[in-house]
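Encoded as structure tokens, the structure appears first; notes follow it.
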Amino acid sequence: MQMRLGSGFARLGEHEGETERLEEAVDAYRAVLQKFTCDRVPGNWAHTQNNLRSALRKNAWRRESIGLLQKARSHKSSALEVFEAAEAYAEISRRSLMQTDAPPAPP
């Protein structure tokens, strides 16, 4: 449920051009990570890390925040480690995750 909530907030945040919905998406994804631990469900955990990275990245560019961009990079690294270890989705995920440094498309 929280994952869908986070995705919904992230989509709204993309279209609204404000940061409030992106911050709500970040909160929802962090709540998901309380349940999806890397030890229990590494794939779900990594996907949630990737979604969190995406919301942080978009918020970072909107706020012009180096700190948020650094947090996004940290989540990128965490997710990438799991994806690479699993080797499934690694190439697709790598391309997606490497977009962390590029500015998002305008709303």
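Here's how to read the names in the structure tokens: chain A, B, ... by the order shown, residue numbers from 1 in each chain, ligand numbers from 1 in the order shown.
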Closest pair table for stretch 8-45 of chain A residues within 10 Å of stretch 72-79 of chain A, only C-alpha atoms, as a Markdown table:
```
| residue | atom | partner | partner_atom | distance |
| --- | --- | --- | --- | --- |
| A:Cys38 | CA | A:Ala79 | CA | 9.6 |
| A:Pro42 | CA | A:Ala79 | CA | 9.1 |
| A:Gly43 | CA | A:Ala79 | CA | 8.8 |
| A:Asn44 | CA | A:Ala79 | CA | 9.9 |
| A:Trp45 | CA | A:Ala79 | CA | 7.8 |
```
TODO: Quote the spacing between atom CA of A:Pro106 and atom CA of A:Glu18 in Å to one decimal place.
DONE: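 Value for the atom CA of A:Pro106-atom CA of A:Glu18 distance: 11.7 Å.
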- [ ] Between atom CA of A:Ala86 and atom CA of A:Pro103, measure the distance and give it in Å to one decimal.
- [x] 28.4 Å
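Once stretch 9-14 of chain A and its same-chain neighbours fewer than 6 positions away are set aside, A:Glu20, A:Arg21, A:Leu22, A:Glu24, A:Ala25, A:Ala55, A:Lys58, A:Pro107 remain within 8 Å of it when counting only C-alpha atoms.
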Open item on the list: I'd like the contact shell of stretch 26-36 of chain A - 8 Å cut-off, only C-alpha atoms, skipping same-chain residues fewer than 5 positions apart - returned as a list in words.
Closed with: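 Skipping anything fewer than 5 positions along the chain leaves Gln2, Met3, Leu5, Gly6, Val41, Pro42, Asn44, Trp45, Thr48, Gln49, Asn51, Leu52, Ala55 and Leu56 of chain A.
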Mind dumping the selected residues with C-alpha atoms as a CSV table (one decimal), in the first residue's frame?
```csv
chain,number,residue,atom,x,y,z
A,2,GLN,CA,2.8,2.5,1.0
A,3,MET,CA,4.6,1.7,-2.3
A,5,LEU,CA,1.1,5.8,-2.2
A,6,GLY,CA,4.7,6.8,-2.8
A,41,VAL,CA,13.4,-9.2,0.4
A,42,PRO,CA,16.4,-7.9,-1.4
A,44,ASN,CA,11.8,-5.3,-3.3
A,45,TRP,CA,14.2,-3.5,-1.1
A,48,THR,CA,12.2,0.7,-3.2
A,49,GLN,CA,15.7,2.2,-2.9
A,51,ASN,CA,12.1,4.7,-6.2
A,52,LEU,CA,13.4,6.7,-3.2
A,55,ALA,CA,12.0,11.1,-5.7
A,56,LEU,CA,15.0,12.5,-3.9
```
- [ ] Rounded to one decimal place, report the atom CA of A:Asn59-atom CA of A:Thr19 distance in Å.
- [x] 5.9 Å
